[in-house]
file work_20.cif (mmCIF, N, CA and C atoms)
data_coords
loop_
_atom_site.label_atom_id
_atom_site.label_comp_id
_atom_site.auth_asym_id
_atom_site.auth_seq_id
_atom_site.Cartn_x
_atom_site.Cartn_y
_atom_site.Cartn_z
N MET A 230 0.85 -1.18 0.00
CA MET A 230 0.00 0.00 0.00
C MET A 230 0.89 1.23 0.00
N PRO A 231 0.58 2.24 -0.84
CA PRO A 231 1.39 3.45 -0.84
C PRO A 231 1.39 4.11 0.55
N ILE A 232 2.52 4.66 0.91
CA ILE A 232 2.60 5.34 2.21
C ILE A 232 2.15 6.78 2.01
N LEU A 233 0.95 7.06 2.44
CA LEU A 233 0.37 8.39 2.30
C LEU A 233 -0.11 8.87 3.66
N SER A 234 0.04 10.14 3.91
CA SER A 234 -0.35 10.72 5.19
C SER A 234 -1.66 11.49 5.07
N LYS A 235 -2.24 11.75 6.21
CA LYS A 235 -3.46 12.55 6.26
C LYS A 235 -3.21 13.89 5.58
N GLY A 236 -4.16 14.30 4.72
CA GLY A 236 -4.06 15.58 4.03
C GLY A 236 -3.44 15.49 2.64
N GLU A 237 -2.85 14.36 2.30
CA GLU A 237 -2.24 14.23 0.97
C GLU A 237 -3.33 14.05 -0.09
N HIS A 238 -3.07 14.61 -1.26
CA HIS A 238 -4.00 14.51 -2.38
C HIS A 238 -3.66 13.27 -3.21
N VAL A 239 -4.71 12.56 -3.62
CA VAL A 239 -4.52 11.31 -4.35
C VAL A 239 -5.51 11.20 -5.51
N TRP A 240 -5.20 10.26 -6.39
CA TRP A 240 -6.14 9.84 -7.42
C TRP A 240 -6.74 8.54 -6.92
N LEU A 241 -8.06 8.48 -6.93
CA LEU A 241 -8.78 7.29 -6.49
C LEU A 241 -9.43 6.67 -7.72
N ASP A 242 -8.98 5.48 -8.07
CA ASP A 242 -9.47 4.82 -9.28
C ASP A 242 -10.63 3.89 -8.92
N LEU A 243 -11.85 4.38 -9.12
CA LEU A 243 -13.05 3.59 -8.83
C LEU A 243 -13.68 3.06 -10.12
N THR A 244 -12.95 3.17 -11.21
CA THR A 244 -13.51 2.80 -12.51
C THR A 244 -13.76 1.30 -12.57
N GLU A 245 -14.77 0.98 -13.35
CA GLU A 245 -15.14 -0.43 -13.53
C GLU A 245 -15.09 -0.81 -15.00
N GLY A 246 -14.35 -0.05 -15.78
CA GLY A 246 -14.18 -0.37 -17.19
C GLY A 246 -15.14 0.33 -18.12
N GLY A 247 -15.94 1.26 -17.60
CA GLY A 247 -16.86 2.01 -18.45
C GLY A 247 -16.12 2.97 -19.36
N GLU A 248 -16.73 3.28 -20.47
CA GLU A 248 -16.09 4.11 -21.49
C GLU A 248 -15.74 5.51 -21.00
N PHE A 249 -16.58 6.08 -20.15
CA PHE A 249 -16.39 7.47 -19.73
C PHE A 249 -15.91 7.60 -18.28
N GLU A 250 -15.42 6.55 -17.70
CA GLU A 250 -14.97 6.59 -16.31
C GLU A 250 -13.50 7.00 -16.23
N VAL A 251 -13.21 7.84 -15.27
CA VAL A 251 -11.82 8.25 -15.02
C VAL A 251 -11.60 8.28 -13.52
N PRO A 252 -10.36 8.17 -13.07
CA PRO A 252 -10.09 8.31 -11.64
C PRO A 252 -10.55 9.68 -11.15
N ILE A 253 -10.84 9.76 -9.87
CA ILE A 253 -11.32 11.01 -9.27
C ILE A 253 -10.32 11.46 -8.20
N GLY A 254 -10.20 12.75 -8.04
CA GLY A 254 -9.30 13.29 -7.03
C GLY A 254 -9.88 13.11 -5.64
N GLY A 255 -9.00 13.10 -4.66
CA GLY A 255 -9.43 12.97 -3.28
C GLY A 255 -8.34 13.38 -2.33
N VAL A 256 -8.70 13.42 -1.04
CA VAL A 256 -7.75 13.78 0.01
C VAL A 256 -7.79 12.69 1.07
N VAL A 257 -6.62 12.26 1.51
CA VAL A 257 -6.53 11.25 2.56
C VAL A 257 -6.96 11.88 3.88
N LYS A 258 -7.96 11.26 4.53
CA LYS A 258 -8.44 11.74 5.82
C LYS A 258 -7.92 10.90 6.97
N PHE A 259 -7.60 9.65 6.67
CA PHE A 259 -7.11 8.74 7.70
C PHE A 259 -6.23 7.70 7.03
N SER A 260 -5.09 7.42 7.63
CA SER A 260 -4.20 6.41 7.07
C SER A 260 -3.56 5.64 8.20
N ASP A 261 -3.76 4.34 8.15
CA ASP A 261 -3.21 3.46 9.17
C ASP A 261 -2.77 2.18 8.47
N THR A 262 -2.06 1.34 9.17
CA THR A 262 -1.60 0.10 8.58
C THR A 262 -2.78 -0.70 8.04
N GLY A 263 -2.75 -0.92 6.74
CA GLY A 263 -3.75 -1.77 6.14
C GLY A 263 -5.00 -1.10 5.64
N GLN A 264 -5.24 0.16 5.98
CA GLN A 264 -6.44 0.83 5.48
C GLN A 264 -6.25 2.33 5.40
N MET A 265 -7.05 2.95 4.53
CA MET A 265 -6.96 4.39 4.32
C MET A 265 -8.36 4.92 4.01
N GLN A 266 -8.69 6.07 4.58
CA GLN A 266 -9.95 6.73 4.27
C GLN A 266 -9.66 7.91 3.37
N VAL A 267 -10.38 7.97 2.24
CA VAL A 267 -10.20 9.05 1.27
C VAL A 267 -11.55 9.70 1.03
N VAL A 268 -11.58 11.05 1.05
CA VAL A 268 -12.77 11.80 0.69
C VAL A 268 -12.54 12.35 -0.71
N ASP A 269 -13.43 11.97 -1.64
CA ASP A 269 -13.22 12.35 -3.04
C ASP A 269 -13.72 13.77 -3.32
N ASP A 270 -13.53 14.22 -4.56
CA ASP A 270 -13.91 15.57 -4.97
C ASP A 270 -15.40 15.85 -4.83
N GLU A 271 -16.19 14.81 -4.77
CA GLU A 271 -17.64 14.98 -4.63
C GLU A 271 -18.08 14.89 -3.18
N GLY A 272 -17.12 14.73 -2.25
CA GLY A 272 -17.43 14.68 -0.82
C GLY A 272 -17.77 13.29 -0.30
N LYS A 273 -17.63 12.27 -1.13
CA LYS A 273 -17.93 10.90 -0.70
C LYS A 273 -16.71 10.27 -0.04
N GLU A 274 -16.97 9.50 1.03
CA GLU A 274 -15.89 8.82 1.74
C GLU A 274 -15.69 7.42 1.18
N HIS A 275 -14.43 7.02 1.08
CA HIS A 275 -14.08 5.69 0.58
C HIS A 275 -13.02 5.10 1.50
N TRP A 276 -13.20 3.84 1.86
CA TRP A 276 -12.18 3.12 2.61
C TRP A 276 -11.44 2.22 1.64
N VAL A 277 -10.13 2.31 1.66
CA VAL A 277 -9.30 1.51 0.77
C VAL A 277 -8.40 0.63 1.63
N SER A 278 -8.51 -0.67 1.40
CA SER A 278 -7.69 -1.62 2.15
C SER A 278 -6.38 -1.89 1.42
N ALA A 279 -5.47 -2.56 2.09
CA ALA A 279 -4.17 -2.88 1.50
C ALA A 279 -4.34 -3.74 0.25
N SER A 280 -5.38 -4.56 0.21
CA SER A 280 -5.59 -5.42 -0.96
C SER A 280 -6.03 -4.61 -2.18
N ASN A 281 -6.53 -3.39 -1.98
CA ASN A 281 -6.95 -2.51 -3.08
C ASN A 281 -6.00 -1.33 -3.26
N ALA A 282 -4.77 -1.47 -2.82
CA ALA A 282 -3.80 -0.37 -2.86
C ALA A 282 -3.55 0.13 -4.27
N SER A 283 -3.77 -0.70 -5.27
CA SER A 283 -3.53 -0.28 -6.65
C SER A 283 -4.54 0.77 -7.10
N LYS A 284 -5.60 0.99 -6.32
CA LYS A 284 -6.62 1.99 -6.67
C LYS A 284 -6.22 3.40 -6.24
N ILE A 285 -5.12 3.53 -5.51
CA ILE A 285 -4.66 4.82 -5.00
C ILE A 285 -3.33 5.20 -5.65
N LYS A 286 -3.24 6.45 -6.08
CA LYS A 286 -2.00 6.97 -6.66
C LYS A 286 -1.82 8.40 -6.17
N ALA A 287 -0.62 8.76 -5.79
CA ALA A 287 -0.35 10.13 -5.32
C ALA A 287 -0.60 11.12 -6.46
N MET A 288 -1.18 12.27 -6.10
CA MET A 288 -1.47 13.32 -7.07
C MET A 288 -0.28 14.28 -7.16
N HIS A 289 0.06 14.67 -8.37
CA HIS A 289 1.13 15.64 -8.57
C HIS A 289 0.74 16.97 -7.94
N VAL A 290 1.69 17.69 -7.39
CA VAL A 290 1.43 18.94 -6.68
C VAL A 290 0.70 19.98 -7.55
N THR A 291 0.95 19.98 -8.86
CA THR A 291 0.30 20.97 -9.72
C THR A 291 -1.19 20.69 -9.90
N SER A 292 -1.60 19.46 -9.65
CA SER A 292 -3.02 19.10 -9.81
C SER A 292 -3.83 19.39 -8.55
N GLN A 293 -3.18 19.64 -7.44
CA GLN A 293 -3.89 19.77 -6.18
C GLN A 293 -4.78 21.01 -6.11
N ASP A 294 -4.28 22.15 -6.51
CA ASP A 294 -5.05 23.39 -6.42
C ASP A 294 -5.51 23.91 -7.77
N GLY A 295 -5.06 23.31 -8.84
CA GLY A 295 -5.43 23.76 -10.17
C GLY A 295 -4.45 24.78 -10.70
N VAL A 296 -4.39 24.87 -12.03
CA VAL A 296 -3.49 25.80 -12.71
C VAL A 296 -4.27 26.55 -13.78
N GLU A 297 -3.80 27.76 -14.11
CA GLU A 297 -4.45 28.57 -15.15
C GLU A 297 -4.20 28.01 -16.55
N ASP A 298 -3.05 27.38 -16.74
CA ASP A 298 -2.70 26.80 -18.04
C ASP A 298 -2.40 25.32 -17.84
N MET A 299 -3.23 24.48 -18.42
CA MET A 299 -3.13 23.05 -18.18
C MET A 299 -1.88 22.42 -18.79
N ILE A 300 -1.12 23.17 -19.58
CA ILE A 300 0.17 22.68 -20.07
C ILE A 300 1.08 22.37 -18.88
N TYR A 301 0.89 23.07 -17.77
CA TYR A 301 1.74 22.91 -16.60
C TYR A 301 1.28 21.83 -15.64
N LEU A 302 0.23 21.09 -15.98
CA LEU A 302 -0.23 20.01 -15.11
C LEU A 302 0.78 18.87 -15.11
N GLY A 303 1.12 18.40 -13.93
CA GLY A 303 1.98 17.22 -13.82
C GLY A 303 1.22 15.95 -14.17
N ASP A 304 -0.08 15.95 -13.92
CA ASP A 304 -0.95 14.83 -14.28
C ASP A 304 -1.73 15.23 -15.53
N LEU A 305 -1.03 15.28 -16.65
CA LEU A 305 -1.67 15.71 -17.89
C LEU A 305 -2.34 14.51 -18.55
N ASN A 306 -3.52 14.20 -18.05
CA ASN A 306 -4.33 13.12 -18.57
C ASN A 306 -5.79 13.52 -18.40
N GLU A 307 -6.70 12.67 -18.81
CA GLU A 307 -8.12 13.03 -18.75
C GLU A 307 -8.57 13.36 -17.32
N ALA A 308 -8.17 12.55 -16.37
CA ALA A 308 -8.55 12.80 -14.98
C ALA A 308 -7.97 14.12 -14.47
N GLY A 309 -6.71 14.40 -14.80
CA GLY A 309 -6.06 15.63 -14.38
C GLY A 309 -6.72 16.86 -14.96
N ILE A 310 -7.10 16.79 -16.23
CA ILE A 310 -7.76 17.91 -16.90
C ILE A 310 -9.13 18.16 -16.29
N LEU A 311 -9.91 17.10 -16.10
CA LEU A 311 -11.25 17.26 -15.51
C LEU A 311 -11.17 17.77 -14.07
N HIS A 312 -10.21 17.27 -13.32
CA HIS A 312 -10.02 17.72 -11.93
C HIS A 312 -9.66 19.20 -11.90
N ASN A 313 -8.77 19.63 -12.80
CA ASN A 313 -8.37 21.03 -12.86
C ASN A 313 -9.56 21.93 -13.21
N LEU A 314 -10.35 21.52 -14.19
CA LEU A 314 -11.52 22.31 -14.57
C LEU A 314 -12.53 22.38 -13.42
N LEU A 315 -12.71 21.29 -12.70
CA LEU A 315 -13.62 21.28 -11.55
C LEU A 315 -13.13 22.22 -10.45
N LYS A 316 -11.84 22.14 -10.14
CA LYS A 316 -11.27 23.04 -9.12
C LYS A 316 -11.48 24.51 -9.49
N ARG A 317 -11.18 24.85 -10.74
CA ARG A 317 -11.31 26.23 -11.18
C ARG A 317 -12.78 26.65 -11.22
N TYR A 318 -13.65 25.77 -11.67
CA TYR A 318 -15.09 26.06 -11.71
C TYR A 318 -15.61 26.35 -10.30
N ASN A 319 -15.20 25.56 -9.34
CA ASN A 319 -15.65 25.76 -7.95
C ASN A 319 -15.16 27.08 -7.37
N GLU A 320 -14.10 27.63 -7.95
CA GLU A 320 -13.57 28.93 -7.53
C GLU A 320 -14.09 30.06 -8.42
N GLN A 321 -15.08 29.76 -9.25
CA GLN A 321 -15.69 30.69 -10.20
C GLN A 321 -14.69 31.21 -11.23
N ASN A 322 -13.72 30.38 -11.57
CA ASN A 322 -12.78 30.66 -12.66
C ASN A 322 -13.21 29.81 -13.84
N ILE A 323 -14.03 30.37 -14.70
CA ILE A 323 -14.64 29.57 -15.77
C ILE A 323 -13.75 29.43 -16.99
N TYR A 324 -12.67 30.20 -17.08
CA TYR A 324 -11.76 30.12 -18.21
C TYR A 324 -10.44 29.50 -17.78
N THR A 325 -9.90 28.63 -18.65
CA THR A 325 -8.63 27.96 -18.41
C THR A 325 -7.93 27.82 -19.75
N TYR A 326 -6.63 28.01 -19.76
CA TYR A 326 -5.86 27.83 -20.98
C TYR A 326 -5.34 26.40 -21.09
N THR A 327 -5.15 25.99 -22.32
CA THR A 327 -4.32 24.84 -22.68
C THR A 327 -3.42 25.39 -23.76
N GLY A 328 -2.29 25.93 -23.34
CA GLY A 328 -1.43 26.67 -24.26
C GLY A 328 -2.14 27.95 -24.66
N SER A 329 -2.36 28.13 -25.96
CA SER A 329 -3.07 29.34 -26.42
C SER A 329 -4.55 29.05 -26.70
N ILE A 330 -5.00 27.87 -26.32
CA ILE A 330 -6.41 27.50 -26.49
C ILE A 330 -7.16 27.83 -25.20
N LEU A 331 -8.31 28.47 -25.34
CA LEU A 331 -9.11 28.83 -24.17
C LEU A 331 -10.21 27.78 -23.98
N VAL A 332 -10.27 27.22 -22.78
CA VAL A 332 -11.32 26.28 -22.41
C VAL A 332 -12.28 27.02 -21.50
N ALA A 333 -13.57 26.99 -21.84
CA ALA A 333 -14.59 27.68 -21.03
C ALA A 333 -15.58 26.65 -20.49
N VAL A 334 -15.91 26.79 -19.21
CA VAL A 334 -16.91 25.94 -18.58
C VAL A 334 -18.11 26.83 -18.27
N ASN A 335 -19.28 26.45 -18.79
CA ASN A 335 -20.49 27.25 -18.61
C ASN A 335 -20.88 27.28 -17.13
N PRO A 336 -20.91 28.47 -16.52
CA PRO A 336 -21.24 28.55 -15.10
C PRO A 336 -22.75 28.54 -14.81
N TYR A 337 -23.57 28.66 -15.84
CA TYR A 337 -25.02 28.72 -15.69
C TYR A 337 -25.44 29.84 -14.73
N GLN A 338 -24.67 30.93 -14.76
CA GLN A 338 -24.99 32.13 -14.01
C GLN A 338 -24.24 33.29 -14.65
N THR A 339 -24.58 34.49 -14.28
CA THR A 339 -23.96 35.67 -14.86
C THR A 339 -22.83 36.15 -13.97
N PHE A 340 -21.67 36.39 -14.60
CA PHE A 340 -20.53 36.98 -13.91
C PHE A 340 -20.29 38.36 -14.51
N ASP A 341 -19.85 39.28 -13.69
CA ASP A 341 -19.57 40.64 -14.16
C ASP A 341 -18.13 40.73 -14.68
N ILE A 342 -17.86 39.99 -15.75
CA ILE A 342 -16.51 39.96 -16.31
C ILE A 342 -16.50 40.31 -17.80
N TYR A 343 -17.59 40.91 -18.27
CA TYR A 343 -17.70 41.27 -19.68
C TYR A 343 -18.06 42.74 -19.82
N ASN A 344 -17.23 43.63 -19.30
CA ASN A 344 -17.51 45.06 -19.37
C ASN A 344 -16.27 45.81 -19.87
N GLN A 345 -16.40 47.12 -19.99
CA GLN A 345 -15.31 47.94 -20.51
C GLN A 345 -14.04 47.85 -19.66
N GLN A 346 -14.22 47.72 -18.37
CA GLN A 346 -13.07 47.61 -17.47
C GLN A 346 -12.24 46.37 -17.83
N TYR A 347 -12.89 45.26 -18.09
CA TYR A 347 -12.18 44.04 -18.46
C TYR A 347 -11.57 44.15 -19.85
N ILE A 348 -12.26 44.82 -20.77
CA ILE A 348 -11.70 45.01 -22.11
C ILE A 348 -10.39 45.78 -22.01
N ARG A 349 -10.39 46.89 -21.25
CA ARG A 349 -9.17 47.68 -21.09
C ARG A 349 -8.08 46.89 -20.35
N ARG A 350 -8.48 46.11 -19.38
CA ARG A 350 -7.53 45.34 -18.60
C ARG A 350 -6.73 44.37 -19.49
N TYR A 351 -7.39 43.76 -20.47
CA TYR A 351 -6.75 42.76 -21.32
C TYR A 351 -6.16 43.34 -22.60
N GLN A 352 -6.38 44.63 -22.82
CA GLN A 352 -5.88 45.27 -24.04
C GLN A 352 -4.35 45.32 -24.02
N ASP A 353 -3.76 44.91 -25.15
CA ASP A 353 -2.31 44.93 -25.35
C ASP A 353 -1.54 44.06 -24.34
N LYS A 354 -2.17 43.02 -23.85
CA LYS A 354 -1.51 42.06 -22.95
C LYS A 354 -1.31 40.75 -23.69
N LYS A 355 -0.23 40.07 -23.38
CA LYS A 355 0.03 38.76 -23.96
C LYS A 355 -0.80 37.70 -23.23
N ILE A 356 -1.10 36.63 -23.94
CA ILE A 356 -1.79 35.52 -23.29
C ILE A 356 -0.90 35.00 -22.17
N GLY A 357 -1.46 34.87 -21.00
CA GLY A 357 -0.71 34.41 -19.84
C GLY A 357 -0.29 35.51 -18.90
N ASP A 358 -0.34 36.79 -19.36
CA ASP A 358 0.01 37.90 -18.47
C ASP A 358 -1.03 38.08 -17.37
N LEU A 359 -2.29 37.82 -17.71
CA LEU A 359 -3.41 37.94 -16.78
C LEU A 359 -4.15 36.61 -16.76
N PRO A 360 -5.04 36.42 -15.80
CA PRO A 360 -5.81 35.17 -15.77
C PRO A 360 -6.55 34.93 -17.08
N PRO A 361 -6.81 33.67 -17.42
CA PRO A 361 -7.49 33.35 -18.68
C PRO A 361 -8.82 34.08 -18.83
N HIS A 362 -9.08 34.56 -20.04
CA HIS A 362 -10.32 35.28 -20.33
C HIS A 362 -10.50 35.34 -21.85
N VAL A 363 -11.74 35.37 -22.29
CA VAL A 363 -12.03 35.45 -23.71
C VAL A 363 -11.48 36.74 -24.31
N PHE A 364 -11.40 37.81 -23.53
CA PHE A 364 -10.86 39.07 -24.05
C PHE A 364 -9.37 38.96 -24.34
N ALA A 365 -8.66 38.11 -23.62
CA ALA A 365 -7.24 37.90 -23.91
C ALA A 365 -7.07 37.25 -25.28
N ILE A 366 -7.91 36.29 -25.58
CA ILE A 366 -7.86 35.62 -26.88
C ILE A 366 -8.23 36.62 -27.99
N ALA A 367 -9.28 37.40 -27.76
CA ALA A 367 -9.73 38.36 -28.76
C ALA A 367 -8.66 39.43 -29.03
N ASP A 368 -8.05 39.95 -27.98
CA ASP A 368 -7.03 40.98 -28.16
C ASP A 368 -5.81 40.41 -28.86
N ASN A 369 -5.45 39.18 -28.52
CA ASN A 369 -4.32 38.53 -29.16
C ASN A 369 -4.59 38.31 -30.65
N ALA A 370 -5.78 37.89 -31.00
CA ALA A 370 -6.15 37.69 -32.41
C ALA A 370 -6.12 39.02 -33.15
N TYR A 371 -6.64 40.07 -32.53
CA TYR A 371 -6.65 41.40 -33.14
C TYR A 371 -5.22 41.89 -33.38
N TYR A 372 -4.35 41.69 -32.40
CA TYR A 372 -2.95 42.12 -32.50
C TYR A 372 -2.28 41.47 -33.70
N PHE A 373 -2.49 40.18 -33.88
CA PHE A 373 -1.82 39.47 -34.98
C PHE A 373 -2.47 39.69 -36.33
N MET A 374 -3.65 40.31 -36.37
CA MET A 374 -4.28 40.66 -37.65
C MET A 374 -3.77 42.00 -38.16
N LYS A 375 -3.20 42.84 -37.30
CA LYS A 375 -2.73 44.16 -37.71
C LYS A 375 -1.60 44.06 -38.70
#

call {"tool": "encode", "arguments": {"input": "work_20.cif", "output": "structure tokens"}}
result
Amino acid sequence: MPILSKGEHVWLDLTEGGEFEVPIGGVVKFSDTGQMQVVDDEGKEHWVSASNASKIKAMHVTSQDGVEDMIYLGDLNEAGILHNLLKRYNEQNIYTYTGSILVAVNPYQTFDIYNQQYIRRYQDKKIGDLPPHVFAIADNAYYFMK
């Protein structure tokens, strides 16, 4: 069984072979010889015994809190990308870069981030100078059309 301490972030593989299943992020809440309690990203508790140790994998530090540009994810895989988008969405950061590509997650609510102040803020800035935003992509496209 991997030696993990309370508070460490892990990948919990609960997949059963389904086409759209991926490991889910979690945090170790209890770890003792032969068993570990993990609370996943959805708040569900899971007990993992030594016989199921292969279901637990340590999470890379860049995946724990999320990153603005997913190129920098240490766990650059489907689970890592989905976990990053979930983390950012929960913090009301609906835009995320993958290099120069903007990924947007629909918040199903209105944010006050589409006004003149934001347009000026992103004007003449390079992608990555400020947090991800559709105005950064638009200004960058405009710059390269000149």

call {"tool": "closest_residue", "arguments": {"input": "work_20.cif", "among": "A:Asp269, A:Asp294, A:Asp304, A:Glu237", "to": "A:Arg317", "atoms": "only C-alpha atoms"}}
result
A:Asp294

call {"tool": "resolve_selection", "arguments": {"input": "work_20.cif", "expression": "the PyMOL selection byres ((chain A and resi 268) around 8)", "output": "number ranges by chain"}}
result
A: 253-259, 265-267, 269-276

call {"tool": "residues_near_point", "arguments": {"input": "work_20.cif", "point": "(-8.0, 24.1, -14.9)", "cutoff": "6.5 Å", "atoms": "only N, CA and C atoms", "output": "PyMOL selection string"}}
result
chain A and resi 295-299+310+312-317+325-326

call {"tool": "resolve_selection", "arguments": {"input": "work_20.cif", "expression": "the PyMOL selection byres ((chain A and resi 368) around 8)", "output": "MDAnalysis selection string"}}
result
chainID A and resid 351:356 363:367 369:374

call {"tool": "select_by_dssp", "arguments": {"input": "work_20.cif", "residues": "chain A", "states": "alpha helix (DSSP H)", "output": "ChimeraX atom specification"}}
result
/A:290-294,307-319,345-351,363-374

call {"tool": "decode", "arguments": {"input": "work_20.cif", "residues": "stretch 280-288 of chain A", "atoms": "all heavy atoms", "output": "compact mmCIF listing (two decimals), in the first residue's frame"}}
result
# COMPACT_ATOMS: atom_id res chain seq x y z
N SER A 280 -5.38 -4.56 0.21
CA SER A 280 -5.59 -5.42 -0.96
C SER A 280 -6.03 -4.61 -2.18
O SER A 280 -5.94 -5.09 -3.31
CB SER A 280 -6.63 -6.50 -0.64
OG SER A 280 -7.87 -5.91 -0.32
N ASN A 281 -6.53 -3.39 -1.98
CA ASN A 281 -6.95 -2.51 -3.08
C ASN A 281 -6.00 -1.33 -3.26
O ASN A 281 -6.39 -0.30 -3.81
CB ASN A 281 -8.36 -1.97 -2.82
CG ASN A 281 -9.41 -3.05 -2.95
OD1 ASN A 281 -9.27 -3.97 -3.73
ND2 ASN A 281 -10.47 -2.93 -2.17
N ALA A 282 -4.77 -1.47 -2.82
CA ALA A 282 -3.80 -0.37 -2.86
C ALA A 282 -3.55 0.13 -4.27
O ALA A 282 -3.20 1.29 -4.47
CB ALA A 282 -2.49 -0.81 -2.22
N SER A 283 -3.77 -0.70 -5.27
CA SER A 283 -3.53 -0.28 -6.65
C SER A 283 -4.54 0.77 -7.10
O SER A 283 -4.36 1.41 -8.14
CB SER A 283 -3.57 -1.48 -7.58
OG SER A 283 -4.86 -2.07 -7.56
N LYS A 284 -5.60 0.99 -6.32
CA LYS A 284 -6.62 1.99 -6.67
C LYS A 284 -6.22 3.40 -6.24
O LYS A 284 -6.92 4.35 -6.54
CB LYS A 284 -7.96 1.62 -6.03
CG LYS A 284 -8.55 0.35 -6.60
CD LYS A 284 -9.92 0.10 -6.03
CE LYS A 284 -10.53 -1.15 -6.61
NZ LYS A 284 -11.13 -0.92 -7.90
N ILE A 285 -5.12 3.53 -5.51
CA ILE A 285 -4.66 4.82 -5.00
C ILE A 285 -3.33 5.20 -5.65
O ILE A 285 -2.43 4.38 -5.76
CB ILE A 285 -4.44 4.76 -3.47
CG1 ILE A 285 -5.75 4.51 -2.75
CG2 ILE A 285 -3.78 6.02 -2.95
CD1 ILE A 285 -6.62 5.71 -2.60
N LYS A 286 -3.24 6.45 -6.08
CA LYS A 286 -2.00 6.97 -6.66
C LYS A 286 -1.82 8.40 -6.17
O LYS A 286 -2.79 9.18 -6.15
CB LYS A 286 -2.08 6.93 -8.18
CG LYS A 286 -0.86 7.44 -8.89
CD LYS A 286 -1.05 7.41 -10.39
CE LYS A 286 0.00 8.26 -11.05
NZ LYS A 286 -0.35 8.61 -12.41
N ALA A 287 -0.62 8.76 -5.79
CA ALA A 287 -0.35 10.13 -5.32
C ALA A 287 -0.60 11.12 -6.46
O ALA A 287 -0.30 10.86 -7.61
CB ALA A 287 1.08 10.25 -4.82
N MET A 288 -1.18 12.27 -6.10
CA MET A 288 -1.47 13.32 -7.07
C MET A 288 -0.28 14.28 -7.16
O MET A 288 0.30 14.65 -6.14
CB MET A 288 -2.72 14.09 -6.63
CG MET A 288 -3.21 15.14 -7.61
SD MET A 288 -4.68 16.05 -7.02
CE MET A 288 -5.94 14.80 -7.13
